[in-house]
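Read the structure below first, then the notes.
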Protein chains: 2
Amino acid sequence: MYFYSMKKSSLYKGCLEPILLRLLKDHGRMYGYQMTQMVKDITKGELTITEGALYPLLHKLEEQGIVETETEMNGNRMRKYYSLTKAGKKQTSIAMEEMKAFMQSLEYIVNPKIALG
Amino acid sequence: MYFYSMKKSSLYKGCLEPILLRLLKDHGRMYGYQMTQMVKDITKGELTITEGALYPLLHKLEEQGIVETETEMNGNRMRKYYSLTKAGKKQTSIAMEEMKAFMQSLEYIVNPKIALG
DNA sequence: ATTTTATACATAATTTTCTTATGTATATAG
DNA sequence: CTATATACATAAGAAAATTATGTATAAAAT
C-alpha cells in the first residue's frame, strides 16, 4: 500500500513551450537551469520542468530561430543563455494569445458560472 | 504563403481526462458525441475534442472503473452513455483539485502580478 | 436524385511531447 | 568522502494526442 502521494500526471503537456516563451519575454535572458528553478519558485513547487523535456525543447526553439544563445562561463561552470529573437517575440505574442484563450476555455469548463448567449 | 490561420497546437494535451470528468460530474450522464459538442459550445469553438482522442480515453476510463456505460438506441442510432462510478466521483474530486492547482500555476506564470513572500 | 454534412460509434498508424535513466563535470555542504 | 546542488546533454520508453480510415443512419443542400 502506498500512502505517499502519487506522481501528478503532467497536465502541462503541450504548455511547456509557451511557458518558456513567457519566461524569456519577462526576463529577457535566461539559462536553462534558471528556468527550471524560476518555474518551481513561481508556482510554489507545483510545476517541475524536467531536464529531459527542457533541453531538447530549447534546442528545437533555437533551430527554429525562435531563440538565440550565448554561452558564458560562471566561474568554471558553463551557462548557456537563451533570449528571444525578433521572430521569437512575434511568435511569443501569438503563443500568449493562444494561452489566454486556452486558460479562458479551462475556466469555462471547470468553473461554468457564466450564462452564455 | 499561408494567410489563413495556422492550426492551433493543442495546449490541452494532458487536460482531456479532467475535462471529461468535469463534464460528467456536472451533467451526470453523457454520450461521447455529446461531450465533443458541449466542449465546443462551452469554449465558443476554442477547444475541439477529436474522436481519436475521445473514444480510446473513454474506454480506458471504463476499464479503470472510473465510468460505467449504458447503450441506448435513439431512433436507429446507438448512443453509449457514460456516467461516473463511485470510485470515479472520488477520482474526479482529486482531478479537480489538481486542475485548480495547475490553473493557478499557469496564472502565476502568464500573469505574474502577485508579489511573493 | 445525389452529394454533402451531421450524428454516432470505433480503431490503427503516426506524431508530439513528455518521463525516466544515464552521462559528463564542477562546487558546496555535511 | 559522500551527498546535494549546479549546469549541461541525450537516448530509450511511455503517454497522449492527431490524422486517417472504417461502419452506419439521418437530414440538408444542390
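By order of appearance in the C-alpha cells: chains A, B, ..., then residues from 1 within every chain, and ligands from 1 in the order shown.
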
- Near chain D, which residues of chain A fall within 10 Å when you count only C-alpha atoms (C1' of nucleotides), and what do they look like as a list in words?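 Here is what falls inside 10 Å: Ser9, Ser10, Lys13, Gly14, Tyr31, Gly32, Tyr33, Gln34, Glu51, Gly52, Tyr55, Pro56, Arg77, Met78, Arg79 and Lys80 of chain A.
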
Emit the selected residues as a tab-separated table (two decimals), in the first residue's frame, including all heavy atoms.
```tsv
chain	number	residue	atom	x	y	z
A	9	SER	N	0.02	13.54	-12.74
A	9	SER	CA	0.08	13.45	-14.19
A	9	SER	C	0.38	14.84	-14.74
A	9	SER	O	-0.08	15.83	-14.20
A	9	SER	CB	-1.25	12.97	-14.74
A	9	SER	OG	-2.26	13.92	-14.48
A	10	SER	N	1.18	14.89	-15.77
A	10	SER	CA	1.57	16.21	-16.26
A	10	SER	C	0.46	16.84	-17.08
A	10	SER	O	0.26	16.56	-18.25
A	10	SER	CB	2.86	16.13	-17.06
A	10	SER	OG	2.63	15.68	-18.36
A	13	LYS	N	1.42	19.12	-20.26
A	13	LYS	CA	1.82	18.61	-21.57
A	13	LYS	C	1.32	19.57	-22.64
A	13	LYS	O	0.11	19.82	-22.74
A	13	LYS	CB	1.16	17.25	-21.80
A	13	LYS	CG	2.12	16.21	-22.32
A	13	LYS	CD	1.40	14.90	-22.58
A	13	LYS	CE	2.32	13.77	-22.23
A	13	LYS	NZ	2.90	12.90	-23.02
A	14	GLY	N	2.20	20.09	-23.43
A	14	GLY	CA	1.79	20.99	-24.51
A	14	GLY	C	1.89	22.45	-24.13
A	14	GLY	O	1.87	23.32	-24.98
A	31	TYR	N	19.23	31.22	-18.58
A	31	TYR	CA	19.81	29.92	-18.91
A	31	TYR	C	18.88	28.82	-18.40
A	31	TYR	O	18.03	29.06	-17.54
A	31	TYR	CB	21.23	29.77	-18.37
A	31	TYR	CG	21.42	29.95	-16.90
A	31	TYR	CD1	21.49	28.84	-16.05
A	31	TYR	CD2	21.53	31.22	-16.35
A	31	TYR	CE1	21.69	29.01	-14.68
A	31	TYR	CE2	21.72	31.39	-14.98
A	31	TYR	CZ	21.79	30.28	-14.15
A	31	TYR	OH	21.98	30.43	-12.80
A	32	GLY	N	19.06	27.63	-18.99
A	32	GLY	CA	18.12	26.55	-18.78
A	32	GLY	C	17.82	26.22	-17.33
A	32	GLY	O	16.66	26.20	-16.91
A	33	TYR	N	18.86	25.98	-16.56
A	33	TYR	CA	18.67	25.61	-15.17
A	33	TYR	C	17.91	26.68	-14.41
A	33	TYR	O	17.04	26.37	-13.58
A	33	TYR	CB	20.04	25.36	-14.51
A	33	TYR	CG	19.95	24.85	-13.09
A	33	TYR	CD1	19.64	23.52	-12.85
A	33	TYR	CD2	20.18	25.69	-12.01
A	33	TYR	CE1	19.56	23.03	-11.56
A	33	TYR	CE2	20.10	25.21	-10.70
A	33	TYR	CZ	19.80	23.88	-10.49
A	33	TYR	OH	19.72	23.41	-9.22
A	34	GLN	N	18.19	27.93	-14.76
A	34	GLN	CA	17.50	29.06	-14.14
A	34	GLN	C	15.99	29.00	-14.41
A	34	GLN	O	15.18	29.33	-13.54
A	34	GLN	CB	18.09	30.34	-14.74
A	34	GLN	CG	17.62	31.63	-14.09
A	34	GLN	CD	18.16	32.85	-14.82
A	34	GLN	OE1	18.70	32.76	-15.92
A	34	GLN	NE2	18.01	34.01	-14.20
A	51	GLU	N	14.68	18.05	-16.99
A	51	GLU	CA	15.74	18.39	-17.94
A	51	GLU	C	15.52	17.72	-19.29
A	51	GLU	O	15.83	18.30	-20.33
A	51	GLU	CB	17.09	17.99	-17.36
A	51	GLU	CG	17.47	18.75	-16.11
A	51	GLU	CD	18.58	18.07	-15.36
A	51	GLU	OE1	18.36	16.93	-14.87
A	51	GLU	OE2	19.67	18.66	-15.23
A	52	GLY	N	14.99	16.50	-19.24
A	52	GLY	CA	14.73	15.75	-20.46
A	52	GLY	C	13.68	16.40	-21.34
A	52	GLY	O	13.62	16.15	-22.55
A	55	TYR	N	15.75	20.72	-22.23
A	55	TYR	CA	16.85	20.97	-23.15
A	55	TYR	C	16.52	20.64	-24.60
A	55	TYR	O	16.80	21.46	-25.49
A	55	TYR	CB	18.13	20.27	-22.65
A	55	TYR	CG	18.66	20.88	-21.36
A	55	TYR	CD1	18.67	20.17	-20.18
A	55	TYR	CD2	19.12	22.19	-21.34
A	55	TYR	CE1	19.14	20.73	-19.00
A	55	TYR	CE2	19.59	22.76	-20.16
A	55	TYR	CZ	19.60	22.03	-19.00
A	55	TYR	OH	20.06	22.59	-17.83
A	56	PRO	N	15.91	19.50	-24.89
A	56	PRO	CA	15.53	19.25	-26.28
A	56	PRO	C	14.60	20.32	-26.84
A	56	PRO	O	14.70	20.69	-28.01
A	56	PRO	CB	14.82	17.88	-26.22
A	56	PRO	CG	15.40	17.22	-25.04
A	56	PRO	CD	15.63	18.33	-24.04
A	77	ARG	N	31.91	26.93	-14.43
A	77	ARG	CA	30.72	26.25	-14.93
A	77	ARG	C	30.09	27.01	-16.09
A	77	ARG	O	29.94	28.23	-16.04
A	77	ARG	CB	29.69	26.07	-13.82
A	77	ARG	CG	29.90	24.78	-13.06
A	77	ARG	CD	28.63	24.33	-12.41
A	77	ARG	NE	28.24	25.21	-11.32
A	77	ARG	CZ	28.31	24.88	-10.03
A	77	ARG	NH1	28.73	23.70	-9.68
A	77	ARG	NH2	27.92	25.72	-9.11
A	78	MET	N	29.69	26.25	-17.10
A	78	MET	CA	29.09	26.83	-18.29
A	78	MET	C	27.63	27.22	-18.03
A	78	MET	O	26.91	26.51	-17.34
A	78	MET	CB	29.12	25.82	-19.42
A	78	MET	CG	28.56	26.36	-20.73
A	78	MET	SD	28.58	25.13	-22.06
A	78	MET	CE	27.41	23.93	-21.44
A	79	ARG	N	27.25	28.33	-18.61
A	79	ARG	CA	25.83	28.67	-18.69
A	79	ARG	C	25.52	29.05	-20.12
A	79	ARG	O	26.22	29.83	-20.74
A	79	ARG	CB	25.52	29.86	-17.79
A	79	ARG	CG	25.45	29.51	-16.33
A	79	ARG	CD	25.20	30.75	-15.52
A	79	ARG	NE	25.12	30.43	-14.10
A	79	ARG	CZ	25.05	31.36	-13.14
A	79	ARG	NH1	25.06	32.64	-13.46
A	79	ARG	NH2	24.96	31.01	-11.88
A	80	LYS	N	24.42	28.47	-20.62
A	80	LYS	CA	24.02	28.79	-21.99
A	80	LYS	C	22.79	29.68	-21.89
A	80	LYS	O	21.71	29.21	-21.52
A	80	LYS	CB	23.71	27.49	-22.73
A	80	LYS	CG	23.66	27.62	-24.24
A	80	LYS	CD	23.71	26.24	-24.87
A	80	LYS	CE	23.33	26.25	-26.32
A	80	LYS	NZ	23.23	24.86	-26.85
```

Mind listing the alpha helix (DSSP H) residues of stretch 1-107 of chain A, per DSSP on the backbone, as a ChimeraX atom specification? /A:16-27,32-42,51-63,86-107

Compute the set of chain A residues within 9 Å of chain B, using only C-alpha atoms, and express it as a PDB file with N, CA and C atoms, in the first residue's frame.
```
ATOM      1  N   LYS A   8       1.946  13.381  -9.829  1.00  0.00           N
ATOM      2  CA  LYS A   8       0.921  14.068 -10.587  1.00  0.00           C
ATOM      3  C   LYS A   8       1.103  13.847 -12.086  1.00  0.00           C
ATOM      4  N   SER A   9       0.022  13.541 -12.735  1.00  0.00           N
ATOM      5  CA  SER A   9       0.081  13.448 -14.194  1.00  0.00           C
ATOM      6  C   SER A   9       0.377  14.838 -14.738  1.00  0.00           C
ATOM      7  N   SER A  10       1.179  14.891 -15.773  1.00  0.00           N
ATOM      8  CA  SER A  10       1.570  16.206 -16.258  1.00  0.00           C
ATOM      9  C   SER A  10       0.457  16.837 -17.078  1.00  0.00           C
ATOM     10  N   LEU A  11      -0.298  17.678 -16.413  1.00  0.00           N
ATOM     11  CA  LEU A  11      -1.365  18.422 -17.074  1.00  0.00           C
ATOM     12  C   LEU A  11      -0.790  19.410 -18.069  1.00  0.00           C
ATOM     13  N   TYR A  12       0.452  19.815 -17.830  1.00  0.00           N
ATOM     14  CA  TYR A  12       1.010  20.884 -18.643  1.00  0.00           C
ATOM     15  C   TYR A  12       1.628  20.390 -19.953  1.00  0.00           C
ATOM     16  N   LYS A  13       1.421  19.116 -20.264  1.00  0.00           N
ATOM     17  CA  LYS A  13       1.820  18.614 -21.570  1.00  0.00           C
ATOM     18  C   LYS A  13       1.320  19.575 -22.644  1.00  0.00           C
ATOM     19  N   GLY A  14       2.200  20.093 -23.432  1.00  0.00           N
ATOM     20  CA  GLY A  14       1.794  20.990 -24.509  1.00  0.00           C
ATOM     21  C   GLY A  14       1.892  22.452 -24.132  1.00  0.00           C
ATOM     22  N   CYS A  15       2.005  22.713 -22.818  1.00  0.00           N
ATOM     23  CA  CYS A  15       2.085  24.097 -22.335  1.00  0.00           C
ATOM     24  C   CYS A  15       3.517  24.522 -22.046  1.00  0.00           C
ATOM     25  N   ILE A  19       5.165  28.427 -21.837  1.00  0.00           N
ATOM     26  CA  ILE A  19       5.685  28.803 -20.519  1.00  0.00           C
ATOM     27  C   ILE A  19       7.109  29.361 -20.641  1.00  0.00           C
ATOM     28  N   ARG A  22       7.119  32.726 -22.320  1.00  0.00           N
ATOM     29  CA  ARG A  22       6.683  33.759 -21.382  1.00  0.00           C
ATOM     30  C   ARG A  22       7.809  34.179 -20.432  1.00  0.00           C
ATOM     31  N   LEU A  23       8.532  33.196 -19.926  1.00  0.00           N
ATOM     32  CA  LEU A  23       9.667  33.496 -19.042  1.00  0.00           C
ATOM     33  C   LEU A  23      10.686  34.384 -19.747  1.00  0.00           C
ATOM     34  N   VAL A  39      10.477  28.512 -12.513  1.00  0.00           N
ATOM     35  CA  VAL A  39       9.135  27.933 -12.614  1.00  0.00           C
ATOM     36  C   VAL A  39       8.742  27.261 -11.306  1.00  0.00           C
ATOM     37  N   ILE A  42       8.025  30.232  -8.830  1.00  0.00           N
ATOM     38  CA  ILE A  42       6.809  30.985  -9.150  1.00  0.00           C
ATOM     39  C   ILE A  42       5.555  30.177  -8.834  1.00  0.00           C
ATOM     40  N   THR A  43       5.614  28.870  -9.132  1.00  0.00           N
ATOM     41  CA  THR A  43       4.435  28.028  -8.946  1.00  0.00           C
ATOM     42  C   THR A  43       4.426  27.358  -7.574  1.00  0.00           C
ATOM     43  N   LYS A  44       5.317  27.803  -6.713  1.00  0.00           N
ATOM     44  CA  LYS A  44       5.404  27.257  -5.353  1.00  0.00           C
ATOM     45  C   LYS A  44       5.585  25.741  -5.324  1.00  0.00           C
ATOM     46  N   GLU A  46       4.717  23.625  -7.594  1.00  0.00           N
ATOM     47  CA  GLU A  46       3.664  22.872  -8.282  1.00  0.00           C
ATOM     48  C   GLU A  46       4.140  22.316  -9.626  1.00  0.00           C
ATOM     49  N   LEU A  47       4.775  23.152 -10.413  1.00  0.00           N
ATOM     50  CA  LEU A  47       5.288  22.708 -11.717  1.00  0.00           C
ATOM     51  C   LEU A  47       6.790  22.469 -11.656  1.00  0.00           C
ATOM     52  N   MET A  96       0.990  33.703 -26.553  1.00  0.00           N
ATOM     53  CA  MET A  96       0.334  34.247 -25.350  1.00  0.00           C
ATOM     54  C   MET A  96      -1.167  34.436 -25.580  1.00  0.00           C
ATOM     55  N   GLU A  98      -2.925  32.569 -27.566  1.00  0.00           N
ATOM     56  CA  GLU A  98      -3.453  31.209 -27.514  1.00  0.00           C
ATOM     57  C   GLU A  98      -3.588  30.727 -26.070  1.00  0.00           C
ATOM     58  N   MET A  99      -2.585  31.070 -25.268  1.00  0.00           N
ATOM     59  CA  MET A  99      -2.624  30.672 -23.858  1.00  0.00           C
ATOM     60  C   MET A  99      -3.802  31.315 -23.138  1.00  0.00           C
ATOM     61  N   LYS A 100      -4.010  32.589 -23.390  1.00  0.00           N
ATOM     62  CA  LYS A 100      -5.116  33.297 -22.757  1.00  0.00           C
ATOM     63  C   LYS A 100      -6.449  32.637 -23.121  1.00  0.00           C
ATOM     64  N   ALA A 101      -6.601  32.334 -24.409  1.00  0.00           N
ATOM     65  CA  ALA A 101      -7.832  31.695 -24.877  1.00  0.00           C
ATOM     66  C   ALA A 101      -7.991  30.311 -24.251  1.00  0.00           C
ATOM     67  N   PHE A 102      -6.878  29.598 -24.171  1.00  0.00           N
ATOM     68  CA  PHE A 102      -6.901  28.266 -23.579  1.00  0.00           C
ATOM     69  C   PHE A 102      -7.294  28.317 -22.115  1.00  0.00           C
ATOM     70  N   MET A 103      -6.696  29.250 -21.380  1.00  0.00           N
ATOM     71  CA  MET A 103      -6.992  29.365 -19.953  1.00  0.00           C
ATOM     72  C   MET A 103      -8.449  29.788 -19.731  1.00  0.00           C
ATOM     73  N   GLN A 104      -8.946  30.652 -20.599  1.00  0.00           N
ATOM     74  CA  GLN A 104     -10.353  31.041 -20.517  1.00  0.00           C
ATOM     75  C   GLN A 104     -11.254  29.826 -20.759  1.00  0.00           C
ATOM     76  N   SER A 105     -10.865  29.009 -21.722  1.00  0.00           N
ATOM     77  CA  SER A 105     -11.639  27.800 -22.023  1.00  0.00           C
ATOM     78  C   SER A 105     -11.675  26.860 -20.823  1.00  0.00           C
ATOM     79  N   LEU A 106     -10.529  26.689 -20.185  1.00  0.00           N
ATOM     80  CA  LEU A 106     -10.477  25.845 -18.992  1.00  0.00           C
ATOM     81  C   LEU A 106     -11.387  26.406 -17.907  1.00  0.00           C
ATOM     82  N   GLU A 107     -11.400  27.726 -17.763  1.00  0.00           N
ATOM     83  CA  GLU A 107     -12.279  28.371 -16.782  1.00  0.00           C
ATOM     84  C   GLU A 107     -13.739  28.052 -17.077  1.00  0.00           C
ATOM     85  N   TYR A 108     -14.106  28.190 -18.349  1.00  0.00           N
ATOM     86  CA  TYR A 108     -15.490  27.908 -18.750  1.00  0.00           C
ATOM     87  C   TYR A 108     -15.903  26.492 -18.350  1.00  0.00           C
ATOM     88  N   ILE A 109     -14.958  25.560 -18.480  1.00  0.00           N
ATOM     89  CA  ILE A 109     -15.289  24.160 -18.208  1.00  0.00           C
ATOM     90  C   ILE A 109     -15.272  23.858 -16.718  1.00  0.00           C
ATOM     91  N   VAL A 110     -14.225  24.317 -16.044  1.00  0.00           N
ATOM     92  CA  VAL A 110     -14.042  23.964 -14.639  1.00  0.00           C
ATOM     93  C   VAL A 110     -14.900  24.839 -13.736  1.00  0.00           C
ATOM     94  N   PRO A 112     -18.140  26.690 -14.563  1.00  0.00           N
ATOM     95  CA  PRO A 112     -19.189  27.086 -15.512  1.00  0.00           C
ATOM     96  C   PRO A 112     -20.276  27.943 -14.870  1.00  0.00           C
ATOM     97  N   LEU A 116     -24.314  31.865 -20.880  1.00  0.00           N
ATOM     98  CA  LEU A 116     -23.968  32.127 -22.279  1.00  0.00           C
ATOM     99  C   LEU A 116     -25.180  32.668 -23.033  1.00  0.00           C
TER     100      LEU A 116
END
```

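If we count only C-alpha atoms (C1' of nucleotides), these residues of chain C sit within 9 Å of chain B: DT7, DA8, DC9, DA10, DT11 and DT17 of chain C.
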
Save the residues we just selected, all heavy atoms, as a short mmCIF file (atom, residue, chain, number, x, y, z; two decimals), in the first residue's frame?
```
data_model
loop_
_atom_site.label_atom_id
_atom_site.label_comp_id
_atom_site.auth_asym_id
_atom_site.auth_seq_id
_atom_site.Cartn_x
_atom_site.Cartn_y
_atom_site.Cartn_z
P DT C 7 -24.60 17.52 -35.36
OP1 DT C 7 -25.59 18.24 -34.53
OP2 DT C 7 -23.16 17.73 -35.16
"O5'" DT C 7 -24.89 15.96 -35.23
"C5'" DT C 7 -26.21 15.49 -35.35
"C4'" DT C 7 -26.26 13.99 -35.34
"O4'" DT C 7 -25.46 13.47 -36.42
"C3'" DT C 7 -25.70 13.33 -34.07
"O3'" DT C 7 -26.69 12.47 -33.55
"C2'" DT C 7 -24.46 12.58 -34.55
"C1'" DT C 7 -24.85 12.28 -35.99
N1 DT C 7 -23.72 11.98 -36.91
C2 DT C 7 -23.69 10.75 -37.52
O2 DT C 7 -24.55 9.90 -37.33
N3 DT C 7 -22.61 10.54 -38.35
C4 DT C 7 -21.61 11.44 -38.64
O4 DT C 7 -20.70 11.14 -39.41
C5 DT C 7 -21.69 12.71 -37.97
C7 DT C 7 -20.65 13.76 -38.21
C6 DT C 7 -22.73 12.92 -37.15
P DA C 8 -26.64 11.95 -32.08
OP1 DA C 8 -27.88 11.20 -31.78
OP2 DA C 8 -26.25 13.11 -31.24
"O5'" DA C 8 -25.38 10.95 -32.12
"C5'" DA C 8 -25.57 9.56 -31.88
"C4'" DA C 8 -24.32 8.76 -32.17
"O4'" DA C 8 -23.82 8.98 -33.51
"C3'" DA C 8 -23.08 9.04 -31.31
"O3'" DA C 8 -23.11 8.22 -30.15
"C2'" DA C 8 -21.92 8.63 -32.24
"C1'" DA C 8 -22.60 8.28 -33.54
N9 DA C 8 -21.79 8.68 -34.69
C8 DA C 8 -21.33 9.94 -35.01
N7 DA C 8 -20.57 9.99 -36.08
C5 DA C 8 -20.52 8.66 -36.49
C6 DA C 8 -19.86 8.02 -37.56
N6 DA C 8 -19.09 8.65 -38.44
N1 DA C 8 -20.02 6.67 -37.68
C2 DA C 8 -20.78 6.03 -36.79
N3 DA C 8 -21.45 6.52 -35.74
C4 DA C 8 -21.27 7.85 -35.64
P DC C 9 -21.79 8.25 -29.17
OP1 DC C 9 -22.31 7.74 -27.90
OP2 DC C 9 -21.12 9.55 -29.23
"O5'" DC C 9 -20.81 7.15 -29.81
"C5'" DC C 9 -21.12 5.78 -29.60
"C4'" DC C 9 -20.52 4.90 -30.68
"O4'" DC C 9 -20.48 5.58 -31.95
"C3'" DC C 9 -19.07 4.50 -30.48
"O3'" DC C 9 -18.98 3.43 -29.54
"C2'" DC C 9 -18.68 4.05 -31.87
"C1'" DC C 9 -19.58 4.87 -32.78
N1 DC C 9 -18.81 5.85 -33.62
C2 DC C 9 -18.16 5.38 -34.76
O2 DC C 9 -18.24 4.18 -35.05
N3 DC C 9 -17.46 6.25 -35.53
C4 DC C 9 -17.39 7.54 -35.20
N4 DC C 9 -16.70 8.36 -35.99
C5 DC C 9 -18.06 8.05 -34.04
C6 DC C 9 -18.74 7.18 -33.28
P DA C 10 -17.57 3.11 -28.90
OP1 DA C 10 -17.80 1.95 -28.00
OP2 DA C 10 -17.00 4.35 -28.38
"O5'" DA C 10 -16.69 2.66 -30.14
"C5'" DA C 10 -16.98 1.46 -30.84
"C4'" DA C 10 -15.92 1.24 -31.89
"O4'" DA C 10 -15.95 2.32 -32.84
"C3'" DA C 10 -14.51 1.26 -31.30
"O3'" DA C 10 -14.02 -0.07 -31.24
"C2'" DA C 10 -13.68 2.12 -32.24
"C1'" DA C 10 -14.64 2.51 -33.35
N9 DA C 10 -14.49 3.91 -33.74
C8 DA C 10 -14.93 5.03 -33.07
N7 DA C 10 -14.63 6.16 -33.68
C5 DA C 10 -13.95 5.76 -34.81
C6 DA C 10 -13.37 6.47 -35.87
N6 DA C 10 -13.38 7.80 -35.96
N1 DA C 10 -12.76 5.76 -36.85
C2 DA C 10 -12.75 4.42 -36.76
N3 DA C 10 -13.27 3.63 -35.82
C4 DA C 10 -13.86 4.37 -34.86
P DT C 11 -12.65 -0.35 -30.51
OP1 DT C 11 -12.68 -1.77 -30.12
OP2 DT C 11 -12.39 0.71 -29.53
"O5'" DT C 11 -11.56 -0.17 -31.68
"C5'" DT C 11 -11.77 -0.78 -32.94
"C4'" DT C 11 -10.64 -0.38 -33.87
"O4'" DT C 11 -10.84 0.97 -34.33
"C3'" DT C 11 -9.26 -0.40 -33.21
"O3'" DT C 11 -8.35 -0.99 -34.13
"C2'" DT C 11 -8.94 1.07 -33.01
"C1'" DT C 11 -9.63 1.67 -34.22
N1 DT C 11 -9.92 3.13 -34.13
C2 DT C 11 -9.61 3.93 -35.20
O2 DT C 11 -9.11 3.51 -36.22
N3 DT C 11 -9.92 5.26 -35.03
C4 DT C 11 -10.49 5.86 -33.92
O4 DT C 11 -10.71 7.06 -33.90
C5 DT C 11 -10.79 4.96 -32.82
C7 DT C 11 -11.41 5.49 -31.58
C6 DT C 11 -10.49 3.66 -32.98
P DT C 17 4.43 19.21 -29.84
OP1 DT C 17 3.46 20.30 -29.63
OP2 DT C 17 5.75 19.48 -30.46
"O5'" DT C 17 4.68 18.48 -28.46
"C5'" DT C 17 3.58 18.02 -27.69
"C4'" DT C 17 4.10 17.28 -26.48
"O4'" DT C 17 4.54 15.96 -26.84
"C3'" DT C 17 5.34 17.96 -25.84
"O3'" DT C 17 5.08 18.18 -24.48
"C2'" DT C 17 6.46 16.96 -26.04
"C1'" DT C 17 5.67 15.67 -26.07
N1 DT C 17 6.37 14.48 -26.66
C2 DT C 17 6.17 13.24 -26.09
O2 DT C 17 5.45 13.07 -25.13
N3 DT C 17 6.84 12.21 -26.69
C4 DT C 17 7.67 12.30 -27.79
O4 DT C 17 8.22 11.30 -28.22
C5 DT C 17 7.84 13.63 -28.34
C7 DT C 17 8.72 13.84 -29.53
C6 DT C 17 7.19 14.64 -27.76
#
```

Open item on the list: Counting only C-alpha atoms, which residue out of B:Lys25, B:Tyr82, B:Ser93, B:Gly75 sits closest to B:His59?
Closed with: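 With only C-alpha atoms as the atom set, the closest residue is B:Tyr82.
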
Note to self: If DSSP is run on the backbone, what residues of chain A are strand (DSSP E or B)? A reply as a list in words would be ideal.
What the structure shows: Met30, Tyr31, Val67, Glu68, Thr69, Glu70, Thr71, Glu72, Met73, Asn74, Arg77, Met78, Arg79, Lys80, Tyr81, Tyr82, Ser83 and Leu84 of chain A

Take the residues that were just selected and, keeping C-alpha atoms, output them as a PDB file, in the first residue's frame.
```pdb
ATOM      1  CA  MET A  30      17.920  33.177 -19.075  1.00  0.00           C
ATOM      2  CA  TYR A  31      19.810  29.916 -18.910  1.00  0.00           C
ATOM      3  CA  VAL A  67      15.611  31.881 -29.583  1.00  0.00           C
ATOM      4  CA  GLU A  68      19.328  32.596 -29.849  1.00  0.00           C
ATOM      5  CA  THR A  69      22.077  31.603 -27.449  1.00  0.00           C
ATOM      6  CA  GLU A  70      25.225  32.909 -25.825  1.00  0.00           C
ATOM      7  CA  THR A  71      27.442  30.628 -23.797  1.00  0.00           C
ATOM      8  CA  GLU A  72      29.184  32.145 -20.822  1.00  0.00           C
ATOM      9  CA  MET A  73      31.335  30.826 -18.048  1.00  0.00           C
ATOM     10  CA  ASN A  74      30.304  31.342 -14.436  1.00  0.00           C
ATOM     11  CA  ARG A  77      30.718  26.249 -14.934  1.00  0.00           C
ATOM     12  CA  MET A  78      29.089  26.832 -18.287  1.00  0.00           C
ATOM     13  CA  ARG A  79      25.832  28.671 -18.688  1.00  0.00           C
ATOM     14  CA  LYS A  80      24.019  28.786 -21.989  1.00  0.00           C
ATOM     15  CA  TYR A  81      21.882  31.890 -22.091  1.00  0.00           C
ATOM     16  CA  TYR A  82      18.772  31.987 -24.238  1.00  0.00           C
ATOM     17  CA  SER A  83      16.932  35.046 -25.494  1.00  0.00           C
ATOM     18  CA  LEU A  84      14.090  35.653 -27.911  1.00  0.00           C
TER      19      LEU A  84
END
```

Report task. Have a look at atom C1' of C:DC18 and atom CA of B:Leu24 and let me know their distance in Å, one decimal. Result ->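 So the two atoms, atom C1' of C:DC18 and atom CA of B:Leu24, lie 27.0 Å apart.
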